[in-house]
Structure formats: structure tokens, C-alpha cells
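Structure record follows, encoded as C-alpha cells.
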Amino acid sequence: RRSVYNPTGFESFNMGGKIPLGLKRKGLRIVVTGGAGFVGSHLVDRLIARGDSVIVVDNFFTGNKDNVMHHFGNPRFELIRHDVVEPLLLEVDQIYHLACPASPVHYKYNPVKTIISFFIALLIFIIIIMMMMMIIITNVVGTLNMLGLAKRIGARFLLTSTSEVYGDPLQHPQVETYWGNVNPIGVRSCYDEGKRTAETLTMDYHRGAGVEVRIARIFNTYGPRMCIDDGRVVSNFVAQALRKEPLTVYGDGKQTRSFQYVSDLVEGLMRLMEGEHVGPFNLGNPGEFTMLELAQVVQETIDPNAKIEFKPNTEDDPHKRKPDITKAKELLGWKPKVPLRKGLPMMVSDFRQRIFGDQKNPAT
Ligand code: NAD
Ligand code: UDP
Ligand code: UDP
């Protein structure tokens with residue numbers, strides 16, 4: 001059965017795009033792959049609140065049931081433990097494809113510094129290789145399967161790509177027309193090239209099979225429910241400051257990133273899905289910070305006495321990153337609203353709760 005995609009979600013979608021007054025919006029059926037993860041779970045909250053029926057497909061590799069548990073028992077919510085590398089048969093209107101082991105721990109890990117014995121080193125090496133293979137296979141085979149699903153049922157498909165497709169960019173800020181500067185054989189390439197291939201597949205299914213697609217290039221995002229120990233800089237600094245550990249700045253700390261609060265991203269993803277433009281669209285906050293500046297903001301927010309410890313940087317670390325969001329502003333009417341100094345405290349309360357639970361927090 002081929003369902004007809006109804007972008008407005010209103011029963012009257014075939015009436016010249018106009019919704020007669022008094023007609024109620026019909027909830028959509030939506031799949032969110034990776035919906036038990038950090039970004040996915042916030043997206044699910046918004047979709048459920050809007051009145052849609054949501055099916056989360058997740059293998060819990062980096063995600064967690066706790067992130068969506070508050071929807072258990074809601075008849076409009078379903079959770080399926082499934083690896084998107086395997087085919088999936090469902091009938092829905094929209095597919096938000098987020099599933100991807102996004103944690104950078106494997107390539108941020110510096111074995112030379114931490115090796116205890118040869119056998120532990122070997123074990124770590126094997127785990128890292130397996131994780132890299134999982135990332136590339138999920139990005140390629142998983143995306144292919146979800147595109148195949150979208151093609152069969154006539155659903156609209158949204159890919160969450162990444163600013164990493166720009167690699168170590170030679171253009172600043174990055175515009176969507178920039179093709180990037182990626183090392184295809186580097187330690188990060190399983191992620192960068194995996195997402196680039198996912199974008200290619202998405203456009204091929206759009207051009208070749210007429211699948212309605214959307215591509216978001218997401219810049220560094222932070223907020224509640226972020227994995228505490230996955231090695232990303234905001235989660236590292238916040239957890240370190242709360243635990244009274246030094247903030248680990250890699251390299252000289254002069255490299256820059258632009259940090260977006262998760263609710264802004266979710267708003268951008270939903271506008272992209274509902275809008276008429278394929279993309280790619282940069283979704284990020286143009287507020288740019290060096291890692292030393294970020295450490296300072298974390299100190300101001302959590303603990304002014306937190307120490308900073310410099311550590312060697314990892315290979316191929318991009319020097320600068322900042323989105324040009326002109327296209328998203330013009331075509332999606334979207335721009336981020338939450339600056340770092342407003343968003344960080346909301347993430348800190350969530351981390352406090354998860355790290356210390358009910359115990360007294362030594363950082364307060
Ligand atoms: P996350 O790790 O919290 O979420 C990813 C989810 O996908 C997890 O729940 C994980 O269990 C699930 N998953 C992984 N492999 C799977 C598989 N094979 N089958 C089914 N489920 C699988 O990461 P996130 O930060 O929420 O990222 C969501 C998406 O946004 C990812 O595609 C990521 O590449 C992209 N993105 C995120 C950021 C960011 O800063 N958070 C930046 C750029 C792009
Ligand atoms: N696929 C899926 N669910 C569907 C339809 C397809 O998981 O409902 C998978 C299918 O297993 C295949 C991939 O999507 O591996 C691509 O499907 P497509 O029909 O485009 O290619 P084909 O199966 O013809 O090679
Ligand atoms: N970084 C850091 N300390 C940390 C973790 C990361 O200084 O504890 C740096 C890292 O070298 C990079 C930046 O912070 O320059 C962003 O790293 P993250 O892994 O969060 O995101 P990505 O590199 O994927 O943009």
C-alpha cells in the first residue's frame with residue numbers, strides 16, 4: 001500500500017492547500033530513528049505534544065530508555081528496539097532519521113596516554129575499530145533502509161547530517177554551498193564520510209525515485225539528556241566542573257565551535273520537515289566560542305574556582321566552526337533563540353540531577 005504524503009497533516013490537504021475553518025488538524029504518524037537519544041527524545045516530546053503518533057526506532061547503542069520513559073502508556077507512543085541496519089516495515093507519513101552512533105569518544109581517545117598493558121590496548125583497539133565500522137555501516141546501510149522504507153510508503157524523509165561534512169573548513173563561516181575539507185582516511189572520517197555518503201544517498205533517492213527528502217546539517221548541540229561521558233566538550237566541561245575535576249582543554253584551546261541549545265535545533269528540524277525546501281540547511285547557533293572561552297562560561301555558571309588542564313589534541317580536529325544560517329532564516333523563517341549563557345544553566349540542572357541524584361551536590 002502506498003500512502004499519500006499529506007504535508008499539512010490536515011484532512012483537507014487536497015483542497016488547494018487551504019484548511020477550512022473548524023477543521024481539526026489530523027495527527028501524523030511519524031517514525032523517529034534514534035528517538036531514544038539526546039536530540040531524538042526532545043524531538044519526540046515536541047511531536048507528541050503537537051498531537052502526532054510517534055514510533056521510536058532505536059537499538060539503544062548510545063540512547064537510553066529513560067529519555068522517553070515519560071511517554072510509556074501513551075497510546076500515541078511506541079518504542080521499537082531495532083537496528084536500522086536491518087530492514088524495517090512500517091506505515092507512516094514522515095521519517096526523521098537520526099539513528100547514528102554520534103559519540104566521538106572513539107576518535108577522541110588517546111590510547112598512548114592511557115594504555116595499561118598490551119592486552120588492554122589490543123582490546124581497546126578492537127573496540128574502536130568495531131565502533132568505527134558500526135558508524136559507517138549505520139550511516140550507509142541504515143540510511144539506505146530508511147530511504148527504501150520512505151520510497152515504498154511515500155513518506156517524507158529527513159536526514160540529520162552534520163557540520164562535520166565541512167571537515168576542517170577553509171571557508172568561514174560555513175555556507176551550505178561549501179563542499180568541505182575532509183580527510184577521507186583520517187580518524188574522524190568514519191563519521192564525516194559516513195554522513196557525506198548518507199547525504200549522497202538521500203539526494204539519489206530524491207532525484208532517482210522521487211522520494212520527498214530534507215537534509216539538516218546540525219552544528220554542535222547541547223542540552224539536558226546529553227550523554228554524560230561521551231567525550232563531547234560541553235558535556236565533559238559541565239560534568240568535570242560539577243565533579244570538582246579540572247576542565248580538560250585539548251590543544252591550545254583556541255579552536256572554535258558554535259553551540260546550539262537543543263530546543264532551537266528541534267524547532268529547526270520540524271520547520272524543515274514541514275517546509276517546502278530540500279536543503280541542505282545549516283542548523284546551528286552562530287555564536288562562536290574558543291574552547292577556552294567555553295571553559296570560562298562553564299566556570300562562571302558552575303564553579304569560578306574550577307581549574308583548567310591542557311591535554312594534547314586529537315588528530316584532524318577542525319580549527320574553526322560557525323554556521324552561516326542565512327538560508328534557514330530566509331527559507332524556513334528559523335533562527336536560534338537561546339544563547340549559551342541561557343542554555344547552559346538548564347543543562348547544568350539536568351546534569352546535577354543525573355550525577356548526584358538526591359545526594360547533596362558538592363558543587364553548590
Ligand atoms: P545520540 O547518540 O544521543 O542519539 C543517537 C541515537 O541513535 C541513540 O539513541 C542510539 O542508540 C541510536 N542508534 C545508533 N545506532 C543505531 C542503529 N544502528 N539503529 C537504531 N538506532 C541507533 O546522538 P544525538 O546527539 O542525539 O544525535 C542525533 C543525530 O544528530 C545523529 O544522527 C547525529 O549524527 C546528528 N548530529 C548531532 C549533533 C550534536 O551536536 N548532538 C551534531 C551534528 C549532528
Ligand atoms: N527497505 C526497508 N523497508 C521497506 C522498504 C525497503 O527496510 O519498507 C530496505 C530494503 O531492505 C533495502 C533498502 O531499504 O535494503 C533499499 O530499498 P529499495 O527498494 O530502494 O532497494 P532494493 O530493495 O530494490 O534494492
Ligand atoms: N575538546 C576539549 N576538551 C574536551 C573535549 C573536547 O577541548 O574535553 C575540544 C575538541 O578538541 C574540539 C572541541 O572541543 O576542538 C569540540 O569537541 P566535540 O567533541 O564536542 O565536538 P566536535 O569536535 O565533533 O565538533
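By order in the C-alpha cells, chains are A, B, ...; within a chain, residues start at 1; ligands start at 1, following the order shown.
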Where does chain A meet ligand 3 within 6 Å, residue by residue, with the nearest atom pair and distance in Å to one decimal for each, counting only C-alpha atoms and all ligand atoms, listed by chain and rising number, as JSON lines?
```
{"residue": "A:Pro104", "atom": "CA", "partner": "ligand 3", "partner_atom_place_in_ligand_line": "19 (O)", "distance": 5.8}
{"residue": "A:Asn220", "atom": "CA", "partner": "ligand 3", "partner_atom_place_in_ligand_line": "25 (O)", "distance": 5.9}
{"residue": "A:Gly231", "atom": "CA", "partner": "ligand 3", "partner_atom_place_in_ligand_line": "5 (C)", "distance": 5.6}
{"residue": "A:Arg232", "atom": "CA", "partner": "ligand 3", "partner_atom_place_in_ligand_line": "20 (O)", "distance": 3.4}
{"residue": "A:Val233", "atom": "CA", "partner": "ligand 3", "partner_atom_place_in_ligand_line": "5 (C)", "distance": 3.7}
{"residue": "A:Asn236", "atom": "CA", "partner": "ligand 3", "partner_atom_place_in_ligand_line": "8 (O)", "distance": 5.1}
{"residue": "A:Thr248", "atom": "CA", "partner": "ligand 3", "partner_atom_place_in_ligand_line": "8 (O)", "distance": 4.7}
{"residue": "A:Val249", "atom": "CA", "partner": "ligand 3", "partner_atom_place_in_ligand_line": "7 (O)", "distance": 3.6}
{"residue": "A:Tyr250", "atom": "CA", "partner": "ligand 3", "partner_atom_place_in_ligand_line": "7 (O)", "distance": 3.8}
{"residue": "A:Gly253", "atom": "CA", "partner": "ligand 3", "partner_atom_place_in_ligand_line": "7 (O)", "distance": 6.0}
{"residue": "A:Gln255", "atom": "CA", "partner": "ligand 3", "partner_atom_place_in_ligand_line": "15 (O)", "distance": 5.6}
{"residue": "A:Met291", "atom": "CA", "partner": "ligand 3", "partner_atom_place_in_ligand_line": "7 (O)", "distance": 5.6}
{"residue": "A:Asn313", "atom": "CA", "partner": "ligand 3", "partner_atom_place_in_ligand_line": "11 (O)", "distance": 5.6}
{"residue": "A:Asp317", "atom": "CA", "partner": "ligand 3", "partner_atom_place_in_ligand_line": "15 (O)", "distance": 5.7}
```
Each residue of chain A with at least one atom at most 6 Å from ligand 1 should appear once, together with its nearest atom pair and the corresponding distance in Å (one decimal); atoms considered: only C-alpha atoms and all ligand atoms; ordering: chain, then increasing residue number; output as CSV.
```
residue,atom,partner,partner_atom_place_in_ligand_line,distance
A:Thr33,CA,ligand 1,21 (N),5.9
A:Gly34,CA,ligand 1,7 (O),3.3
A:Gly35,CA,ligand 1,9 (O),5.7
A:Ala36,CA,ligand 1,9 (O),4.2
A:Gly37,CA,ligand 1,9 (O),3.2
A:Phe38,CA,ligand 1,26 (O),3.7
A:Val39,CA,ligand 1,26 (O),3.7
A:Gly40,CA,ligand 1,26 (O),5.4
A:Val57,CA,ligand 1,20 (C),6.0
A:Asp58,CA,ligand 1,21 (N),3.6
A:Asn59,CA,ligand 1,20 (C),4.2
A:Phe60,CA,ligand 1,11 (O),3.5
A:Phe61,CA,ligand 1,11 (O),3.8
A:Thr62,CA,ligand 1,11 (O),4.0
A:Gly63,CA,ligand 1,9 (O),3.0
A:His82,CA,ligand 1,20 (C),5.7
A:Asp83,CA,ligand 1,19 (N),3.5
A:Val84,CA,ligand 1,19 (N),4.1
A:Val85,CA,ligand 1,18 (N),5.5
A:Leu98,CA,ligand 1,32 (O),4.0
A:Ala99,CA,ligand 1,7 (O),3.5
A:Cys100,CA,ligand 1,14 (C),3.9
A:Pro101,CA,ligand 1,14 (C),4.2
A:Ala102,CA,ligand 1,2 (O),4.6
A:Ser103,CA,ligand 1,2 (O),5.8
A:Thr138,CA,ligand 1,18 (N),4.9
A:Thr160,CA,ligand 1,32 (O),5.1
A:Ser161,CA,ligand 1,44 (C),5.5
A:Thr162,CA,ligand 1,43 (C),4.1
A:Ile218,CA,ligand 1,43 (C),4.2
A:Phe219,CA,ligand 1,42 (C),4.9
A:Asn220,CA,ligand 1,40 (O),3.7
A:Thr221,CA,ligand 1,40 (O),3.7
```
(message) List as a list in words the protein and nucleic acid residues near Met270 in chain A, meaning an atom at most 10 Å away when only C-alpha atoms are counted, but skip any in the same chain fewer than 6 places from it.
(response)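 Here the qualifying residues turn out to be Leu43, Arg46, Leu47, Tyr96, Leu158 and Leu332 of chain A.
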Those same residues - C-alpha atoms - I'd like them written as a PDB file, in the first residue's frame.
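File written: again-v5.pdb
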```pdb
ATOM      1  CA  LEU A  43      12.024  15.917  19.115  1.00  0.00           C
ATOM      2  CA  ARG A  46       7.508  18.128  20.694  1.00  0.00           C
ATOM      3  CA  LEU A  47       5.819  15.782  18.198  1.00  0.00           C
ATOM      4  CA  TYR A  96      13.078  11.628  10.980  1.00  0.00           C
ATOM      5  CA  LEU A 158      14.574  13.918   6.932  1.00  0.00           C
ATOM      6  CA  LEU A 332      12.454  28.352   6.973  1.00  0.00           C
TER       7      LEU A 332
END
```
(message) Among range 74-146 of chain A, which residues does DSSP mark as helix (DSSP H, G or I) when it is run on the backbone? Keep the chain and numbering as in the structure and answer as a PyMOL selection string.
(response) chain A and resi 105-108+111-114+118-146
Restricting it to N, CA and C atoms, dump the selection as a tab-separated table (two decimals), in the first residue's frame.
```tsv
chain	number	residue	atom	x	y	z
A	105	VAL	N	33.81	9.56	21.34
A	105	VAL	CA	34.79	9.03	22.28
A	105	VAL	C	35.89	8.22	21.57
A	106	HIS	N	35.48	7.43	20.60
A	106	HIS	CA	36.44	6.53	19.96
A	106	HIS	C	37.58	7.27	19.29
A	107	TYR	N	37.28	8.40	18.63
A	107	TYR	CA	38.41	9.08	17.99
A	107	TYR	C	39.02	10.16	18.86
A	108	LYS	N	38.34	10.47	19.97
A	108	LYS	CA	38.93	11.42	20.92
A	108	LYS	C	39.85	10.70	21.90
A	111	PRO	N	45.06	6.43	23.05
A	111	PRO	CA	45.50	5.19	23.68
A	111	PRO	C	46.90	5.30	24.29
A	112	VAL	N	47.79	6.07	23.65
A	112	VAL	CA	49.17	6.12	24.13
A	112	VAL	C	49.23	6.59	25.58
A	113	LYS	N	48.33	7.53	25.92
A	113	LYS	CA	48.35	8.10	27.27
A	113	LYS	C	47.74	7.17	28.31
A	114	THR	N	46.85	6.30	27.87
A	114	THR	CA	46.05	5.59	28.86
A	114	THR	C	46.30	4.09	28.91
A	118	PHE	N	49.53	-4.30	27.25
A	118	PHE	CA	49.38	-4.60	25.82
A	118	PHE	C	47.99	-5.18	25.53
A	119	PHE	N	47.52	-6.06	26.42
A	119	PHE	CA	46.24	-6.73	26.14
A	119	PHE	C	45.06	-5.77	26.25
A	120	ILE	N	45.16	-4.87	27.23
A	120	ILE	CA	44.09	-3.87	27.34
A	120	ILE	C	44.12	-2.99	26.09
A	121	ALA	N	45.33	-2.63	25.65
A	121	ALA	CA	45.47	-1.80	24.45
A	121	ALA	C	44.86	-2.49	23.25
A	122	LEU	N	45.13	-3.79	23.13
A	122	LEU	CA	44.61	-4.56	22.00
A	122	LEU	C	43.08	-4.59	22.04
A	123	LEU	N	42.56	-4.81	23.23
A	123	LEU	CA	41.10	-4.87	23.40
A	123	LEU	C	40.47	-3.52	23.02
A	124	ILE	N	41.08	-2.44	23.50
A	124	ILE	CA	40.56	-1.10	23.20
A	124	ILE	C	40.62	-0.85	21.69
A	125	PHE	N	41.74	-1.28	21.08
A	125	PHE	CA	41.92	-1.09	19.64
A	125	PHE	C	40.80	-1.81	18.88
A	126	ILE	N	40.50	-3.05	19.28
A	126	ILE	CA	39.46	-3.83	18.60
A	126	ILE	C	38.09	-3.15	18.78
A	127	ILE	N	37.83	-2.67	20.00
A	127	ILE	CA	36.53	-2.00	20.25
A	127	ILE	C	36.41	-0.75	19.38
A	128	ILE	N	37.52	0.02	19.29
A	128	ILE	CA	37.48	1.25	18.49
A	128	ILE	C	37.20	0.93	17.02
A	129	ILE	N	37.89	-0.10	16.49
A	129	ILE	CA	37.67	-0.48	15.08
A	129	ILE	C	36.21	-0.90	14.89
A	130	MET	N	35.68	-1.68	15.84
A	130	MET	CA	34.28	-2.13	15.72
A	130	MET	C	33.32	-0.94	15.73
A	131	MET	N	33.60	0.05	16.59
A	131	MET	CA	32.72	1.23	16.65
A	131	MET	C	32.78	2.02	15.36
A	132	MET	N	33.99	2.14	14.80
A	132	MET	CA	34.11	2.89	13.54
A	132	MET	C	33.33	2.19	12.44
A	133	MET	N	33.40	0.84	12.42
A	133	MET	CA	32.66	0.09	11.41
A	133	MET	C	31.16	0.27	11.61
A	134	MET	N	30.73	0.27	12.88
A	134	MET	CA	29.30	0.46	13.16
A	134	MET	C	28.82	1.82	12.67
A	135	ILE	N	29.67	2.84	12.86
A	135	ILE	CA	29.26	4.19	12.45
A	135	ILE	C	29.06	4.24	10.94
A	136	ILE	N	30.03	3.71	10.21
A	136	ILE	CA	29.93	3.80	8.75
A	136	ILE	C	28.77	2.93	8.24
A	137	ILE	N	28.61	1.74	8.83
A	137	ILE	CA	27.53	0.85	8.37
A	137	ILE	C	26.16	1.44	8.70
A	138	THR	N	26.03	2.03	9.89
A	138	THR	CA	24.74	2.65	10.25
A	138	THR	C	24.43	3.79	9.29
A	139	ASN	N	25.44	4.62	9.00
A	139	ASN	CA	25.21	5.76	8.12
A	139	ASN	C	24.86	5.33	6.71
A	140	VAL	N	25.48	4.27	6.22
A	140	VAL	CA	25.24	3.88	4.84
A	140	VAL	C	24.05	2.92	4.76
A	141	VAL	N	24.15	1.77	5.41
A	141	VAL	CA	23.08	0.75	5.28
A	141	VAL	C	21.81	1.23	5.99
A	142	GLY	N	21.97	1.82	7.16
A	142	GLY	CA	20.80	2.30	7.91
A	142	GLY	C	20.05	3.37	7.12
A	143	THR	N	20.79	4.30	6.54
A	143	THR	CA	20.14	5.37	5.76
A	143	THR	C	19.48	4.78	4.51
A	144	LEU	N	20.17	3.83	3.88
A	144	LEU	CA	19.60	3.18	2.68
A	144	LEU	C	18.26	2.50	3.03
A	145	ASN	N	18.23	1.79	4.13
A	145	ASN	CA	16.99	1.11	4.54
A	145	ASN	C	15.86	2.10	4.81
A	146	MET	N	16.19	3.20	5.48
A	146	MET	CA	15.14	4.17	5.81
A	146	MET	C	14.66	4.89	4.55
```
(message) Could you list the protein, DNA and RNA residues that have any atom within 7 Å of ligand 2, counting only C-alpha atoms and all ligand atoms, and write them as a list in words?
(response) Glu86, Pro87, Leu88, Leu89, Leu90, Leu144, Asn145, Met146, Leu147, Gly148, Leu149, Lys151, Arg152 and Ile153 of chain A
Those same residues - C-alpha atoms - I'd like them written as a PDB file, in the first residue's frame.
```
ATOM      1  CA  GLU A  86      18.156  -4.362   9.318  1.00  0.00           C
ATOM      2  CA  PRO A  87      15.155  -3.738   7.030  1.00  0.00           C
ATOM      3  CA  LEU A  88      12.058  -2.285   8.664  1.00  0.00           C
ATOM      4  CA  LEU A  89       8.419  -2.477   7.595  1.00  0.00           C
ATOM      5  CA  LEU A  90       6.100   0.280   8.836  1.00  0.00           C
ATOM      6  CA  LEU A 144      19.600   3.177   2.681  1.00  0.00           C
ATOM      7  CA  ASN A 145      16.995   1.107   4.544  1.00  0.00           C
ATOM      8  CA  MET A 146      15.138   4.168   5.805  1.00  0.00           C
ATOM      9  CA  LEU A 147      15.160   5.661   2.294  1.00  0.00           C
ATOM     10  CA  GLY A 148      13.874   2.337   0.926  1.00  0.00           C
ATOM     11  CA  LEU A 149      11.107   2.477   3.531  1.00  0.00           C
ATOM     12  CA  LYS A 151      10.154   5.164  -1.092  1.00  0.00           C
ATOM     13  CA  ARG A 152       7.816   2.210  -0.545  1.00  0.00           C
ATOM     14  CA  ILE A 153       5.282   4.048   1.615  1.00  0.00           C
TER      15      ILE A 153
END
```
(message) Counting only C-alpha atoms, which residue out of A:Asp168, A:Asp192, A:Asp93, A:Asp324 sits closest to Met273 in chain A?
(response) A:Asp93
(request) Name all residues at most 9 Å from range 200-202 of chain A (count only C-alpha atoms; drop same-chain ones fewer than 2 positions away) and give them as a list of chain:residue names. (result) A:Val140, A:Thr143, A:Leu144, A:Leu147, A:Phe157, A:Leu158, A:Leu159, A:Lys195, A:Arg196, A:Thr197, A:Ala198, A:Asp204, A:Tyr205, A:His206, A:Arg207, A:Val211, A:Val213, A:Arg214, A:Ile215
How would the residues just picked look written out with N, CA and C atoms as a short mmCIF file (atom, residue, chain, number, x, y, z; two decimals), in the first residue's frame?
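The new file result-v3.cif reads:
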```cif
data_model
loop_
_atom_site.label_atom_id
_atom_site.label_comp_id
_atom_site.auth_asym_id
_atom_site.auth_seq_id
_atom_site.Cartn_x
_atom_site.Cartn_y
_atom_site.Cartn_z
N VAL A 140 25.48 4.27 6.22
CA VAL A 140 25.24 3.88 4.84
C VAL A 140 24.05 2.92 4.76
N THR A 143 20.79 4.30 6.54
CA THR A 143 20.14 5.37 5.76
C THR A 143 19.48 4.78 4.51
N LEU A 144 20.17 3.83 3.88
CA LEU A 144 19.60 3.18 2.68
C LEU A 144 18.26 2.50 3.03
N LEU A 147 15.57 5.07 3.58
CA LEU A 147 15.16 5.66 2.29
C LEU A 147 14.30 4.67 1.51
N PHE A 157 11.16 12.07 4.19
CA PHE A 157 12.34 11.59 4.92
C PHE A 157 13.25 12.76 5.26
N LEU A 158 13.63 12.86 6.54
CA LEU A 158 14.57 13.92 6.93
C LEU A 158 15.86 13.29 7.48
N LEU A 159 16.98 13.68 6.89
CA LEU A 159 18.29 13.19 7.34
C LEU A 159 18.93 14.21 8.28
N LYS A 195 28.42 10.42 6.97
CA LYS A 195 27.33 11.39 6.81
C LYS A 195 27.32 11.95 5.39
N ARG A 196 28.50 12.14 4.79
CA ARG A 196 28.53 12.64 3.41
C ARG A 196 27.86 11.62 2.49
N THR A 197 28.15 10.33 2.73
CA THR A 197 27.52 9.28 1.91
C THR A 197 26.02 9.26 2.15
N ALA A 198 25.61 9.45 3.40
CA ALA A 198 24.18 9.47 3.72
C ALA A 198 23.50 10.61 2.95
N ASP A 204 20.19 10.97 -4.06
CA ASP A 204 19.96 10.00 -5.15
C ASP A 204 18.53 9.45 -5.10
N TYR A 205 18.04 9.17 -3.90
CA TYR A 205 16.65 8.67 -3.79
C TYR A 205 15.66 9.78 -4.16
N HIS A 206 16.03 11.02 -3.88
CA HIS A 206 15.17 12.15 -4.23
C HIS A 206 15.10 12.29 -5.76
N ARG A 207 16.29 12.32 -6.38
CA ARG A 207 16.32 12.52 -7.83
C ARG A 207 15.85 11.29 -8.59
N VAL A 211 11.64 10.43 -3.95
CA VAL A 211 11.33 10.48 -2.51
C VAL A 211 11.43 11.93 -2.04
N VAL A 213 12.59 14.47 0.32
CA VAL A 213 13.64 14.43 1.34
C VAL A 213 13.94 15.82 1.89
N ARG A 214 14.55 15.83 3.05
CA ARG A 214 15.03 17.05 3.70
C ARG A 214 16.38 16.73 4.32
N ILE A 215 17.32 17.67 4.21
CA ILE A 215 18.65 17.44 4.83
C ILE A 215 18.99 18.60 5.77
#
```
Would you pick out the contacts of Pro75 in chain A at 10 Å or less, using only C-alpha atoms, so that residues sharing its chain but fewer than 3 positions from it are not included, and give the list as a short mmCIF file (atom, residue, chain, number, x, y, z; two decimals) with C-alpha atoms, in the first residue's frame?
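Heads up, here's the output in selection11.cif:
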```cif
data_model
loop_
_atom_site.label_atom_id
_atom_site.label_comp_id
_atom_site.auth_asym_id
_atom_site.auth_seq_id
_atom_site.Cartn_x
_atom_site.Cartn_y
_atom_site.Cartn_z
CA SER A 53 1.66 9.49 16.82
CA VAL A 54 5.32 8.64 17.20
CA HIS A 71 5.70 8.57 27.17
CA PHE A 72 5.20 4.92 28.13
CA GLU A 78 5.55 3.26 20.54
#
```
(request) Could you please write out, as a list in words, every residue of range 11-164 of chain A that DSSP assigns to strand (DSSP E or B)? (result)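 Residues of range 11-164 of chain A classed as strand (DSSP E or B): Arg25, Arg29, Ile30, Val31, Val32, Thr33, Ser53, Val54, Ile55, Val56, Val57, Asp58, Phe77, Glu78, Leu79, Ile80, Arg81, Gln94, Ile95, Tyr96, His97, Arg156, Phe157, Leu158, Leu159, Thr160, Ser161 and Thr162 of chain A.
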(request) Report the distance between CA of Gly251 in chain A and CA of Pro312 in chain A in Å, rounded to one decimal place. (result)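 It comes out at 5.1 Å.
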(message) Env of Thr326 in chain A: 10 Å cut, atoms = only C-alpha atoms, seq-sep filter 5 positions within chain, self excluded. Answer as a VMD selection string.
(response) chain A and resid 175 to 176 281 to 282 331 to 335
Include N, CA and C atoms and write out the residues we just selected as a CSV table (one decimal), in the first residue's frame.
```
chain,number,residue,atom,x,y,z
A,175,VAL,N,29.0,28.0,4.6
A,175,VAL,CA,27.7,28.2,3.9
A,175,VAL,C,27.4,26.8,3.3
A,176,GLU,N,26.1,26.6,3.0
A,176,GLU,CA,25.7,25.2,2.5
A,176,GLU,C,26.4,24.9,1.2
A,281,PHE,N,20.3,22.4,4.9
A,281,PHE,CA,20.2,23.6,5.7
A,281,PHE,C,21.2,23.5,6.9
A,282,ASN,N,22.0,24.5,7.1
A,282,ASN,CA,22.7,24.6,8.4
A,282,ASN,C,21.8,24.9,9.5
A,331,LEU,N,14.4,30.9,4.2
A,331,LEU,CA,13.5,29.9,3.7
A,331,LEU,C,12.7,29.1,4.7
A,332,LEU,N,13.2,29.1,5.9
A,332,LEU,CA,12.5,28.4,7.0
A,332,LEU,C,11.9,29.3,8.0
A,333,GLY,N,12.3,30.6,7.9
A,333,GLY,CA,11.9,31.5,9.0
A,333,GLY,C,12.4,31.1,10.3
A,334,TRP,N,13.6,30.5,10.4
A,334,TRP,CA,14.1,30.0,11.6
A,334,TRP,C,15.4,30.7,12.1
A,335,LYS,N,15.5,30.9,13.3
A,335,LYS,CA,16.8,31.3,13.9
A,335,LYS,C,16.9,30.9,15.4
```
(request) Please measure the separation of CA of Val32 in chain A and CA of Ile355 in chain A, giving the value in Å to one decimal. (result) 27.6 Å
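Residue nearest Gly343 in chain A within the list A:Ala328, A:Tyr261, A:Gly279, A:Lys307: A:Tyr261 [criterion: smallest interatomic distance, only C-alpha atoms].
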